[in-house]
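Below is the file start01.cif, which contains mmCIF, N, CA and C atoms.
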```cif
data_run
loop_
_atom_site.label_atom_id
_atom_site.label_comp_id
_atom_site.auth_asym_id
_atom_site.auth_seq_id
_atom_site.Cartn_x
_atom_site.Cartn_y
_atom_site.Cartn_z
N MET U 1 93.87 82.53 112.75
CA MET U 1 95.16 82.53 112.06
C MET U 1 95.77 83.93 112.10
N ASN U 2 97.07 83.99 112.32
CA ASN U 2 97.74 85.29 112.33
C ASN U 2 97.76 85.87 110.93
N LYS U 3 97.87 87.19 110.89
CA LYS U 3 97.99 87.86 109.61
C LYS U 3 99.30 87.49 108.94
N ILE U 4 99.22 87.17 107.67
CA ILE U 4 100.43 86.85 106.91
C ILE U 4 101.10 88.15 106.49
N THR U 5 102.43 88.19 106.57
CA THR U 5 103.17 89.36 106.10
C THR U 5 104.07 88.93 104.95
N ALA U 6 104.30 89.85 104.03
CA ALA U 6 105.10 89.52 102.86
C ALA U 6 106.11 90.62 102.53
N LEU U 7 107.17 90.20 101.87
CA LEU U 7 108.19 91.12 101.38
C LEU U 7 108.25 90.96 99.87
N VAL U 8 108.09 92.08 99.16
CA VAL U 8 108.19 92.08 97.70
C VAL U 8 109.58 92.57 97.34
N VAL U 9 110.32 91.74 96.59
CA VAL U 9 111.69 92.11 96.20
C VAL U 9 111.72 92.19 94.68
N ASP U 10 111.75 93.42 94.16
CA ASP U 10 111.72 93.61 92.71
C ASP U 10 112.25 95.00 92.39
N ASP U 11 113.05 95.11 91.33
CA ASP U 11 113.63 96.42 90.99
C ASP U 11 112.73 97.22 90.05
N ASN U 12 111.68 96.58 89.52
CA ASN U 12 110.81 97.24 88.56
C ASN U 12 109.60 97.84 89.29
N MET U 13 109.41 99.15 89.14
CA MET U 13 108.35 99.83 89.89
C MET U 13 106.95 99.32 89.55
N VAL U 14 106.74 98.97 88.28
CA VAL U 14 105.42 98.46 87.87
C VAL U 14 105.14 97.14 88.59
N ASN U 15 106.14 96.26 88.61
CA ASN U 15 105.99 94.98 89.32
C ASN U 15 105.81 95.19 90.81
N GLN U 16 106.60 96.11 91.37
CA GLN U 16 106.48 96.40 92.80
C GLN U 16 105.04 96.79 93.15
N THR U 17 104.51 97.71 92.36
CA THR U 17 103.15 98.20 92.60
C THR U 17 102.13 97.09 92.42
N MET U 18 102.29 96.32 91.34
CA MET U 18 101.34 95.24 91.04
C MET U 18 101.34 94.18 92.15
N HIS U 19 102.53 93.75 92.56
CA HIS U 19 102.64 92.72 93.59
C HIS U 19 102.14 93.24 94.94
N HIS U 20 102.48 94.49 95.23
CA HIS U 20 102.03 95.13 96.48
C HIS U 20 100.50 95.15 96.53
N ARG U 21 99.88 95.56 95.42
CA ARG U 21 98.41 95.64 95.38
C ARG U 21 97.75 94.27 95.45
N LEU U 22 98.32 93.31 94.72
CA LEU U 22 97.77 91.94 94.75
C LEU U 22 97.74 91.43 96.19
N LEU U 23 98.84 91.63 96.90
CA LEU U 23 98.93 91.17 98.29
C LEU U 23 97.94 91.93 99.17
N GLU U 24 97.91 93.25 98.99
CA GLU U 24 97.00 94.08 99.80
C GLU U 24 95.55 93.68 99.60
N ASN U 25 95.19 93.41 98.34
CA ASN U 25 93.81 93.01 98.03
C ASN U 25 93.43 91.71 98.71
N LEU U 26 94.44 90.89 99.03
CA LEU U 26 94.18 89.63 99.74
C LEU U 26 94.35 89.81 101.26
N GLY U 27 94.52 91.06 101.68
CA GLY U 27 94.62 91.35 103.11
C GLY U 27 95.97 91.05 103.71
N ILE U 28 97.01 91.06 102.86
CA ILE U 28 98.35 90.73 103.35
C ILE U 28 99.20 91.98 103.43
N LYS U 29 99.64 92.28 104.66
CA LYS U 29 100.53 93.43 104.85
C LYS U 29 101.85 93.13 104.17
N ASN U 30 102.37 94.11 103.43
CA ASN U 30 103.64 93.83 102.77
C ASN U 30 104.52 95.06 102.64
N GLN U 31 105.78 94.77 102.53
CA GLN U 31 106.81 95.80 102.39
C GLN U 31 107.50 95.55 101.05
N VAL U 32 107.96 96.62 100.41
CA VAL U 32 108.62 96.49 99.11
C VAL U 32 110.07 96.95 99.21
N VAL U 33 110.99 96.15 98.68
CA VAL U 33 112.39 96.57 98.56
C VAL U 33 112.81 96.35 97.11
N LYS U 34 113.89 97.05 96.69
CA LYS U 34 114.18 97.03 95.26
C LYS U 34 115.33 96.14 94.80
N ASN U 35 115.97 95.42 95.71
CA ASN U 35 116.96 94.43 95.28
C ASN U 35 117.25 93.44 96.41
N GLY U 36 118.02 92.41 96.06
CA GLY U 36 118.31 91.35 97.00
C GLY U 36 119.05 91.82 98.24
N LYS U 37 119.95 92.79 98.07
CA LYS U 37 120.71 93.28 99.22
C LYS U 37 119.77 93.93 100.24
N GLU U 38 118.79 94.69 99.74
CA GLU U 38 117.83 95.32 100.65
C GLU U 38 117.01 94.26 101.38
N ALA U 39 116.69 93.18 100.68
CA ALA U 39 115.93 92.08 101.31
C ALA U 39 116.75 91.47 102.44
N VAL U 40 118.03 91.27 102.19
CA VAL U 40 118.93 90.71 103.21
C VAL U 40 119.06 91.69 104.38
N ASP U 41 119.23 92.98 104.06
CA ASP U 41 119.37 94.00 105.11
C ASP U 41 118.14 94.07 106.01
N VAL U 42 116.95 94.00 105.42
CA VAL U 42 115.71 94.05 106.19
C VAL U 42 115.67 92.89 107.19
N HIS U 43 116.09 91.70 106.73
CA HIS U 43 116.11 90.54 107.63
C HIS U 43 117.22 90.66 108.68
N SER U 44 118.35 91.25 108.29
CA SER U 44 119.45 91.45 109.25
C SER U 44 119.01 92.37 110.38
N SER U 45 118.10 93.28 110.07
CA SER U 45 117.64 94.22 111.10
C SER U 45 116.59 93.59 112.01
N GLY U 46 116.29 92.30 111.78
CA GLY U 46 115.41 91.58 112.69
C GLY U 46 113.98 91.42 112.24
N LYS U 47 113.65 91.90 111.05
CA LYS U 47 112.27 91.74 110.56
C LYS U 47 112.06 90.32 110.09
N TYR U 48 110.80 89.88 110.16
CA TYR U 48 110.47 88.54 109.69
C TYR U 48 109.20 88.61 108.84
N PHE U 49 109.18 87.85 107.75
CA PHE U 49 108.01 87.80 106.88
C PHE U 49 107.62 86.33 106.69
N ASP U 50 106.35 86.11 106.41
CA ASP U 50 105.89 84.74 106.13
C ASP U 50 106.18 84.35 104.69
N LEU U 51 106.22 85.37 103.83
CA LEU U 51 106.41 85.13 102.41
C LEU U 51 107.32 86.18 101.81
N ILE U 52 108.22 85.73 100.94
CA ILE U 52 109.05 86.66 100.17
C ILE U 52 108.78 86.38 98.70
N LEU U 53 108.36 87.41 97.96
CA LEU U 53 108.22 87.29 96.51
C LEU U 53 109.51 87.84 95.92
N MET U 54 110.32 86.96 95.35
CA MET U 54 111.68 87.31 94.95
C MET U 54 111.83 87.32 93.43
N ASP U 55 112.16 88.51 92.91
CA ASP U 55 112.48 88.63 91.49
C ASP U 55 113.85 87.99 91.27
N MET U 56 114.11 87.58 90.01
CA MET U 56 115.40 86.94 89.74
C MET U 56 116.46 87.94 89.29
N ASP U 57 116.09 88.80 88.35
CA ASP U 57 117.07 89.73 87.77
C ASP U 57 116.96 91.11 88.40
N MET U 58 117.95 91.42 89.25
CA MET U 58 117.97 92.73 89.90
C MET U 58 119.41 93.20 90.01
N PRO U 59 119.61 94.52 90.04
CA PRO U 59 120.97 95.03 90.24
C PRO U 59 121.43 94.82 91.67
N ILE U 60 122.72 95.01 91.91
CA ILE U 60 123.38 94.91 93.23
C ILE U 60 123.43 93.47 93.73
N MET U 61 122.27 92.87 93.99
CA MET U 61 122.23 91.45 94.38
C MET U 61 120.99 90.83 93.75
N ASN U 62 121.20 89.82 92.90
CA ASN U 62 120.05 89.21 92.23
C ASN U 62 119.30 88.24 93.15
N GLY U 63 118.20 87.72 92.64
CA GLY U 63 117.33 86.86 93.44
C GLY U 63 117.97 85.56 93.88
N ILE U 64 118.81 85.01 93.01
CA ILE U 64 119.48 83.74 93.34
C ILE U 64 120.43 83.94 94.51
N GLU U 65 121.25 84.98 94.39
CA GLU U 65 122.22 85.30 95.44
C GLU U 65 121.50 85.65 96.76
N ALA U 66 120.45 86.45 96.64
CA ALA U 66 119.70 86.87 97.84
C ALA U 66 119.05 85.67 98.52
N THR U 67 118.48 84.77 97.73
CA THR U 67 117.82 83.59 98.30
C THR U 67 118.84 82.72 99.03
N ARG U 68 119.99 82.51 98.38
CA ARG U 68 121.07 81.72 99.03
C ARG U 68 121.49 82.37 100.34
N THR U 69 121.67 83.68 100.31
CA THR U 69 122.12 84.40 101.50
C THR U 69 121.09 84.31 102.63
N LEU U 70 119.82 84.51 102.28
CA LEU U 70 118.76 84.43 103.30
C LEU U 70 118.70 83.04 103.92
N ARG U 71 118.81 82.02 103.08
CA ARG U 71 118.79 80.63 103.61
C ARG U 71 120.00 80.38 104.51
N ALA U 72 121.15 80.93 104.11
CA ALA U 72 122.37 80.76 104.92
C ALA U 72 122.23 81.47 106.26
N MET U 73 121.42 82.53 106.30
CA MET U 73 121.18 83.26 107.54
C MET U 73 120.17 82.53 108.43
N GLY U 74 119.60 81.45 107.90
CA GLY U 74 118.63 80.70 108.69
C GLY U 74 117.19 81.15 108.48
N ILE U 75 116.97 81.96 107.46
CA ILE U 75 115.59 82.41 107.16
C ILE U 75 114.85 81.24 106.51
N CYS U 76 113.79 80.79 107.16
CA CYS U 76 113.12 79.60 106.63
C CYS U 76 111.69 79.85 106.19
N CYS U 77 111.33 81.12 105.97
CA CYS U 77 109.99 81.40 105.50
C CYS U 77 109.84 80.97 104.03
N MET U 78 108.64 81.05 103.52
CA MET U 78 108.37 80.69 102.14
C MET U 78 108.98 81.74 101.20
N ILE U 79 109.85 81.32 100.30
CA ILE U 79 110.38 82.23 99.28
C ILE U 79 109.88 81.75 97.93
N ALA U 80 109.13 82.63 97.27
CA ALA U 80 108.62 82.30 95.94
C ALA U 80 109.35 83.15 94.91
N GLY U 81 110.00 82.48 93.97
CA GLY U 81 110.65 83.18 92.88
C GLY U 81 109.60 83.64 91.88
N VAL U 82 109.73 84.88 91.43
CA VAL U 82 108.80 85.41 90.44
C VAL U 82 109.66 86.03 89.34
N SER U 83 109.59 85.46 88.15
CA SER U 83 110.48 85.92 87.10
C SER U 83 109.87 85.72 85.72
N THR U 84 110.42 86.45 84.76
CA THR U 84 109.99 86.26 83.37
C THR U 84 110.79 85.14 82.73
N ARG U 85 111.82 84.67 83.42
CA ARG U 85 112.66 83.60 82.89
C ARG U 85 111.88 82.31 82.79
N SER U 86 111.96 81.65 81.64
CA SER U 86 111.20 80.41 81.52
C SER U 86 112.08 79.21 81.16
N LEU U 87 113.39 79.44 80.99
CA LEU U 87 114.29 78.32 80.70
C LEU U 87 114.42 77.43 81.93
N ASP U 88 114.27 76.14 81.72
CA ASP U 88 114.34 75.20 82.85
C ASP U 88 115.64 75.33 83.63
N GLN U 89 116.74 75.55 82.91
CA GLN U 89 118.05 75.64 83.55
C GLN U 89 118.10 76.83 84.52
N GLU U 90 117.55 77.95 84.06
CA GLU U 90 117.53 79.15 84.91
C GLU U 90 116.61 78.95 86.11
N LYS U 91 115.45 78.36 85.86
CA LYS U 91 114.51 78.11 86.96
C LYS U 91 115.14 77.16 87.97
N GLN U 92 115.82 76.14 87.44
CA GLN U 92 116.46 75.14 88.31
C GLN U 92 117.48 75.79 89.23
N GLU U 93 118.31 76.68 88.67
CA GLU U 93 119.34 77.35 89.47
C GLU U 93 118.67 78.18 90.58
N PHE U 94 117.59 78.85 90.22
CA PHE U 94 116.86 79.68 91.18
C PHE U 94 116.25 78.79 92.27
N MET U 95 115.62 77.69 91.87
CA MET U 95 115.02 76.76 92.84
C MET U 95 116.09 76.19 93.79
N GLU U 96 117.24 75.83 93.21
CA GLU U 96 118.30 75.22 94.02
C GLU U 96 118.91 76.20 95.02
N ALA U 97 118.73 77.49 94.77
CA ALA U 97 119.22 78.50 95.71
C ALA U 97 118.43 78.45 97.02
N GLY U 98 117.24 77.82 96.97
CA GLY U 98 116.45 77.69 98.19
C GLY U 98 115.00 78.13 98.08
N LEU U 99 114.50 78.26 96.84
CA LEU U 99 113.10 78.65 96.68
C LEU U 99 112.16 77.54 97.12
N ASP U 100 110.97 77.94 97.54
CA ASP U 100 109.91 76.98 97.85
C ASP U 100 108.95 76.87 96.68
N ASP U 101 108.96 77.89 95.83
CA ASP U 101 107.98 77.97 94.77
C ASP U 101 108.52 78.87 93.67
N TYR U 102 108.04 78.65 92.44
CA TYR U 102 108.44 79.51 91.32
C TYR U 102 107.21 79.84 90.49
N GLN U 103 107.02 81.12 90.22
CA GLN U 103 105.90 81.56 89.38
C GLN U 103 106.44 82.45 88.28
N GLU U 104 105.91 82.24 87.08
CA GLU U 104 106.32 83.11 85.98
C GLU U 104 105.51 84.40 86.04
N LYS U 105 106.19 85.51 85.72
CA LYS U 105 105.48 86.78 85.63
C LYS U 105 104.65 86.75 84.36
N PRO U 106 103.53 87.45 84.31
CA PRO U 106 103.01 88.30 85.37
C PRO U 106 102.36 87.48 86.48
N LEU U 107 102.58 87.95 87.70
CA LEU U 107 101.97 87.30 88.85
C LEU U 107 100.48 87.66 88.85
N THR U 108 99.64 86.67 88.97
CA THR U 108 98.19 86.91 89.00
C THR U 108 97.66 86.54 90.38
N LYS U 109 96.43 86.91 90.62
CA LYS U 109 95.81 86.57 91.90
C LYS U 109 95.79 85.05 92.09
N ALA U 110 95.47 84.33 91.01
CA ALA U 110 95.40 82.86 91.10
C ALA U 110 96.76 82.26 91.46
N LYS U 111 97.83 82.78 90.84
CA LYS U 111 99.18 82.28 91.13
C LYS U 111 99.54 82.58 92.58
N LEU U 112 99.21 83.79 93.01
CA LEU U 112 99.52 84.20 94.38
C LEU U 112 98.75 83.36 95.39
N VAL U 113 97.49 83.10 95.10
CA VAL U 113 96.68 82.27 96.01
C VAL U 113 97.27 80.86 96.12
N SER U 114 97.78 80.32 95.00
CA SER U 114 98.38 78.97 95.06
C SER U 114 99.64 78.98 95.94
N VAL U 115 100.41 80.06 95.90
CA VAL U 115 101.59 80.19 96.77
C VAL U 115 101.15 80.29 98.23
N LEU U 116 100.14 81.12 98.49
CA LEU U 116 99.65 81.31 99.86
C LEU U 116 99.07 80.03 100.43
N HIS U 117 98.45 79.26 99.58
CA HIS U 117 97.88 77.98 99.98
C HIS U 117 98.97 77.08 100.55
N LYS U 118 100.15 77.14 99.93
CA LYS U 118 101.29 76.32 100.40
C LYS U 118 101.76 76.80 101.77
N ILE U 119 101.71 78.09 102.01
CA ILE U 119 102.13 78.63 103.33
C ILE U 119 101.22 78.07 104.40
N ASN U 120 99.93 78.11 104.13
CA ASN U 120 98.96 77.64 105.13
C ASN U 120 99.16 76.19 105.48
N HIS U 121 99.78 75.44 104.58
CA HIS U 121 100.00 74.03 104.86
C HIS U 121 101.35 73.77 105.53
N THR U 122 102.22 74.77 105.50
CA THR U 122 103.54 74.55 106.10
C THR U 122 103.69 75.20 107.46
N THR U 123 102.81 76.17 107.77
CA THR U 123 102.95 76.86 109.06
C THR U 123 102.11 76.21 110.13
#
```

Show this structure as structure tokens.
Amino acid sequence: MNKITALVVDDNMVNQTMHHRLLENLGIKNQVVKNGKEAVDVHSSGKYFDLILMDMDMPIMNGIEATRTLRAMGICCMIAGVSTRSLDQEKQEFMEAGLDDYQEKPLTKAKLVSVLHKINHTT
């Protein structure tokens, strides 16, 4: 199996570090960007990831907008929303933007493994 690559999209440095380390500990190469616009820009420059961990609340471009934009660009990798938001309405809006998965923060190894498990079944 090829190495899985991931993009962490989060404006909070603690979350960035935590998600980066969780992925690294599972042997997944990953890059960190701090908002949705940067995530879109990285893909516009031709990079591709197997997984995007997308925060919902970020400045400049939030996770919902970024997910919609990436899907409109034809990006079809696994996008997992990761947020502290727990209202069904908010989760629904995020899911409808094009998420494949939604996990509530804090992201744990178990939650991440369940997301990765889904990738292995779709690729």

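Counting from atom CA of U:Asn35, the distance to atom CA of U:Glu104 is 18.1 Å.
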
Inset, instruction - Please evaluate the PyMOL selection byres (((chain U and resi 77 and name CA) around 12) and name CA) against the displayed coordinates and give the resulting residues as a ChimeraX atom specification. - result: /U:4-7,43,47-53,67,70-71,73-76,78-80,98-101,116,118-120,122-123

Inset, instruction - Using only C-alpha atoms, collect all residues at a distance of at most 12 Å from (117.9, 90.1, 90.8) as written in the file, then present them as a ChimeraX atom specification. - result: /U:9-12,33-39,53-67,81-85,94

Inset, instruction - Write down as a list in words the residues belonging to stretch 5-122 of chain U that are assigned strand (DSSP E) by DSSP computed on the backbone. - result: Thr5, Ala6, Leu7, Val8, Val9, Lys29, Asn30, Gln31, Val32, Val33, Leu51, Ile52, Leu53, Met54, Asp55, Met78, Ile79, Ala80, Gly81, Val82, Ser83, Asp101, Tyr102, Gln103 and Glu104 of chain U

Would you output that residue set with N, CA and C atoms, as a CSV table (one decimal), in the frame of the given file?
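As a result, selection_12.csv now contains:
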```
chain,number,residue,atom,x,y,z
U,5,THR,N,102.4,88.2,106.6
U,5,THR,CA,103.2,89.4,106.1
U,5,THR,C,104.1,88.9,105.0
U,6,ALA,N,104.3,89.8,104.0
U,6,ALA,CA,105.1,89.5,102.9
U,6,ALA,C,106.1,90.6,102.5
U,7,LEU,N,107.2,90.2,101.9
U,7,LEU,CA,108.2,91.1,101.4
U,7,LEU,C,108.2,91.0,99.9
U,8,VAL,N,108.1,92.1,99.2
U,8,VAL,CA,108.2,92.1,97.7
U,8,VAL,C,109.6,92.6,97.3
U,9,VAL,N,110.3,91.7,96.6
U,9,VAL,CA,111.7,92.1,96.2
U,9,VAL,C,111.7,92.2,94.7
U,29,LYS,N,99.6,92.3,104.7
U,29,LYS,CA,100.5,93.4,104.8
U,29,LYS,C,101.8,93.1,104.2
U,30,ASN,N,102.4,94.1,103.4
U,30,ASN,CA,103.6,93.8,102.8
U,30,ASN,C,104.5,95.1,102.6
U,31,GLN,N,105.8,94.8,102.5
U,31,GLN,CA,106.8,95.8,102.4
U,31,GLN,C,107.5,95.6,101.0
U,32,VAL,N,108.0,96.6,100.4
U,32,VAL,CA,108.6,96.5,99.1
U,32,VAL,C,110.1,97.0,99.2
U,33,VAL,N,111.0,96.2,98.7
U,33,VAL,CA,112.4,96.6,98.6
U,33,VAL,C,112.8,96.4,97.1
U,51,LEU,N,106.2,85.4,103.8
U,51,LEU,CA,106.4,85.1,102.4
U,51,LEU,C,107.3,86.2,101.8
U,52,ILE,N,108.2,85.7,100.9
U,52,ILE,CA,109.0,86.7,100.2
U,52,ILE,C,108.8,86.4,98.7
U,53,LEU,N,108.4,87.4,98.0
U,53,LEU,CA,108.2,87.3,96.5
U,53,LEU,C,109.5,87.8,95.9
U,54,MET,N,110.3,87.0,95.4
U,54,MET,CA,111.7,87.3,95.0
U,54,MET,C,111.8,87.3,93.4
U,55,ASP,N,112.2,88.5,92.9
U,55,ASP,CA,112.5,88.6,91.5
U,55,ASP,C,113.8,88.0,91.3
U,78,MET,N,108.6,81.0,103.5
U,78,MET,CA,108.4,80.7,102.1
U,78,MET,C,109.0,81.7,101.2
U,79,ILE,N,109.8,81.3,100.3
U,79,ILE,CA,110.4,82.2,99.3
U,79,ILE,C,109.9,81.8,97.9
U,80,ALA,N,109.1,82.6,97.3
U,80,ALA,CA,108.6,82.3,95.9
U,80,ALA,C,109.4,83.2,94.9
U,81,GLY,N,110.0,82.5,94.0
U,81,GLY,CA,110.6,83.2,92.9
U,81,GLY,C,109.6,83.6,91.9
U,82,VAL,N,109.7,84.9,91.4
U,82,VAL,CA,108.8,85.4,90.4
U,82,VAL,C,109.7,86.0,89.3
U,83,SER,N,109.6,85.5,88.2
U,83,SER,CA,110.5,85.9,87.1
U,83,SER,C,109.9,85.7,85.7
U,101,ASP,N,109.0,77.9,95.8
U,101,ASP,CA,108.0,78.0,94.8
U,101,ASP,C,108.5,78.9,93.7
U,102,TYR,N,108.0,78.6,92.4
U,102,TYR,CA,108.4,79.5,91.3
U,102,TYR,C,107.2,79.8,90.5
U,103,GLN,N,107.0,81.1,90.2
U,103,GLN,CA,105.9,81.6,89.4
U,103,GLN,C,106.4,82.4,88.3
U,104,GLU,N,105.9,82.2,87.1
U,104,GLU,CA,106.3,83.1,86.0
U,104,GLU,C,105.5,84.4,86.0
```

Using the chain letters and numbers from this document, which residues of chain U does DSSP assign to helix (DSSP H, G or I), as a short mmCIF file (atom, residue, chain, number, x, y, z; two decimals) with N, CA and C atoms, keeping the file's coordinate frame?
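For reference, out.cif as written:
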```
data_model
loop_
_atom_site.label_atom_id
_atom_site.label_comp_id
_atom_site.auth_asym_id
_atom_site.auth_seq_id
_atom_site.Cartn_x
_atom_site.Cartn_y
_atom_site.Cartn_z
N MET U 13 109.41 99.15 89.14
CA MET U 13 108.35 99.83 89.89
C MET U 13 106.95 99.32 89.55
N VAL U 14 106.74 98.97 88.28
CA VAL U 14 105.42 98.46 87.87
C VAL U 14 105.14 97.14 88.59
N ASN U 15 106.14 96.26 88.61
CA ASN U 15 105.99 94.98 89.32
C ASN U 15 105.81 95.19 90.81
N GLN U 16 106.60 96.11 91.37
CA GLN U 16 106.48 96.40 92.80
C GLN U 16 105.04 96.79 93.15
N THR U 17 104.51 97.71 92.36
CA THR U 17 103.15 98.20 92.60
C THR U 17 102.13 97.09 92.42
N MET U 18 102.29 96.32 91.34
CA MET U 18 101.34 95.24 91.04
C MET U 18 101.34 94.18 92.15
N HIS U 19 102.53 93.75 92.56
CA HIS U 19 102.64 92.72 93.59
C HIS U 19 102.14 93.24 94.94
N HIS U 20 102.48 94.49 95.23
CA HIS U 20 102.03 95.13 96.48
C HIS U 20 100.50 95.15 96.53
N ARG U 21 99.88 95.56 95.42
CA ARG U 21 98.41 95.64 95.38
C ARG U 21 97.75 94.27 95.45
N LEU U 22 98.32 93.31 94.72
CA LEU U 22 97.77 91.94 94.75
C LEU U 22 97.74 91.43 96.19
N LEU U 23 98.84 91.63 96.90
CA LEU U 23 98.93 91.17 98.29
C LEU U 23 97.94 91.93 99.17
N GLU U 24 97.91 93.25 98.99
CA GLU U 24 97.00 94.08 99.80
C GLU U 24 95.55 93.68 99.60
N ASN U 25 95.19 93.41 98.34
CA ASN U 25 93.81 93.01 98.03
C ASN U 25 93.43 91.71 98.71
N GLY U 36 118.02 92.41 96.06
CA GLY U 36 118.31 91.35 97.00
C GLY U 36 119.05 91.82 98.24
N LYS U 37 119.95 92.79 98.07
CA LYS U 37 120.71 93.28 99.22
C LYS U 37 119.77 93.93 100.24
N GLU U 38 118.79 94.69 99.74
CA GLU U 38 117.83 95.32 100.65
C GLU U 38 117.01 94.26 101.38
N ALA U 39 116.69 93.18 100.68
CA ALA U 39 115.93 92.08 101.31
C ALA U 39 116.75 91.47 102.44
N VAL U 40 118.03 91.27 102.19
CA VAL U 40 118.93 90.71 103.21
C VAL U 40 119.06 91.69 104.38
N ASP U 41 119.23 92.98 104.06
CA ASP U 41 119.37 94.00 105.11
C ASP U 41 118.14 94.07 106.01
N VAL U 42 116.95 94.00 105.42
CA VAL U 42 115.71 94.05 106.19
C VAL U 42 115.67 92.89 107.19
N HIS U 43 116.09 91.70 106.73
CA HIS U 43 116.11 90.54 107.63
C HIS U 43 117.22 90.66 108.68
N SER U 44 118.35 91.25 108.29
CA SER U 44 119.45 91.45 109.25
C SER U 44 119.01 92.37 110.38
N GLY U 63 118.20 87.72 92.64
CA GLY U 63 117.33 86.86 93.44
C GLY U 63 117.97 85.56 93.88
N ILE U 64 118.81 85.01 93.01
CA ILE U 64 119.48 83.74 93.34
C ILE U 64 120.43 83.94 94.51
N GLU U 65 121.25 84.98 94.39
CA GLU U 65 122.22 85.30 95.44
C GLU U 65 121.50 85.65 96.76
N ALA U 66 120.45 86.45 96.64
CA ALA U 66 119.70 86.87 97.84
C ALA U 66 119.05 85.67 98.52
N THR U 67 118.48 84.77 97.73
CA THR U 67 117.82 83.59 98.30
C THR U 67 118.84 82.72 99.03
N ARG U 68 119.99 82.51 98.38
CA ARG U 68 121.07 81.72 99.03
C ARG U 68 121.49 82.37 100.34
N THR U 69 121.67 83.68 100.31
CA THR U 69 122.12 84.40 101.50
C THR U 69 121.09 84.31 102.63
N LEU U 70 119.82 84.51 102.28
CA LEU U 70 118.76 84.43 103.30
C LEU U 70 118.70 83.04 103.92
N ARG U 71 118.81 82.02 103.08
CA ARG U 71 118.79 80.63 103.61
C ARG U 71 120.00 80.38 104.51
N ALA U 72 121.15 80.93 104.11
CA ALA U 72 122.37 80.76 104.92
C ALA U 72 122.23 81.47 106.26
N ASP U 88 114.27 76.14 81.72
CA ASP U 88 114.34 75.20 82.85
C ASP U 88 115.64 75.33 83.63
N GLN U 89 116.74 75.55 82.91
CA GLN U 89 118.05 75.64 83.55
C GLN U 89 118.10 76.83 84.52
N GLU U 90 117.55 77.95 84.06
CA GLU U 90 117.53 79.15 84.91
C GLU U 90 116.61 78.95 86.11
N LYS U 91 115.45 78.36 85.86
CA LYS U 91 114.51 78.11 86.96
C LYS U 91 115.14 77.16 87.97
N GLN U 92 115.82 76.14 87.44
CA GLN U 92 116.46 75.14 88.31
C GLN U 92 117.48 75.79 89.23
N GLU U 93 118.31 76.68 88.67
CA GLU U 93 119.34 77.35 89.47
C GLU U 93 118.67 78.18 90.58
N PHE U 94 117.59 78.85 90.22
CA PHE U 94 116.86 79.68 91.18
C PHE U 94 116.25 78.79 92.27
N MET U 95 115.62 77.69 91.87
CA MET U 95 115.02 76.76 92.84
C MET U 95 116.09 76.19 93.79
N GLU U 96 117.24 75.83 93.21
CA GLU U 96 118.30 75.22 94.02
C GLU U 96 118.91 76.20 95.02
N LYS U 109 96.43 86.91 90.62
CA LYS U 109 95.81 86.57 91.90
C LYS U 109 95.79 85.05 92.09
N ALA U 110 95.47 84.33 91.01
CA ALA U 110 95.40 82.86 91.10
C ALA U 110 96.76 82.26 91.46
N LYS U 111 97.83 82.78 90.84
CA LYS U 111 99.18 82.28 91.13
C LYS U 111 99.54 82.58 92.58
N LEU U 112 99.21 83.79 93.01
CA LEU U 112 99.52 84.20 94.38
C LEU U 112 98.75 83.36 95.39
N VAL U 113 97.49 83.10 95.10
CA VAL U 113 96.68 82.27 96.01
C VAL U 113 97.27 80.86 96.12
N SER U 114 97.78 80.32 95.00
CA SER U 114 98.38 78.97 95.06
C SER U 114 99.64 78.98 95.94
N VAL U 115 100.41 80.06 95.90
CA VAL U 115 101.59 80.19 96.77
C VAL U 115 101.15 80.29 98.23
N LEU U 116 100.14 81.12 98.49
CA LEU U 116 99.65 81.31 99.86
C LEU U 116 99.07 80.03 100.43
N HIS U 117 98.45 79.26 99.58
CA HIS U 117 97.88 77.98 99.98
C HIS U 117 98.97 77.08 100.55
N LYS U 118 100.15 77.14 99.93
CA LYS U 118 101.29 76.32 100.40
C LYS U 118 101.76 76.80 101.77
N ILE U 119 101.71 78.09 102.01
CA ILE U 119 102.13 78.63 103.33
C ILE U 119 101.22 78.07 104.40
N ASN U 120 99.93 78.11 104.13
CA ASN U 120 98.96 77.64 105.13
C ASN U 120 99.16 76.19 105.48
N HIS U 121 99.78 75.44 104.58
CA HIS U 121 100.00 74.03 104.86
C HIS U 121 101.35 73.77 105.53
N THR U 122 102.22 74.77 105.50
CA THR U 122 103.54 74.55 106.10
C THR U 122 103.69 75.20 107.46
#
```

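The nearest approach to U:Arg68 among the residues U:Val115, U:Met13, U:Ala97, U:Val32, with all atoms listed in the file taken into account, belongs to U:Ala97.
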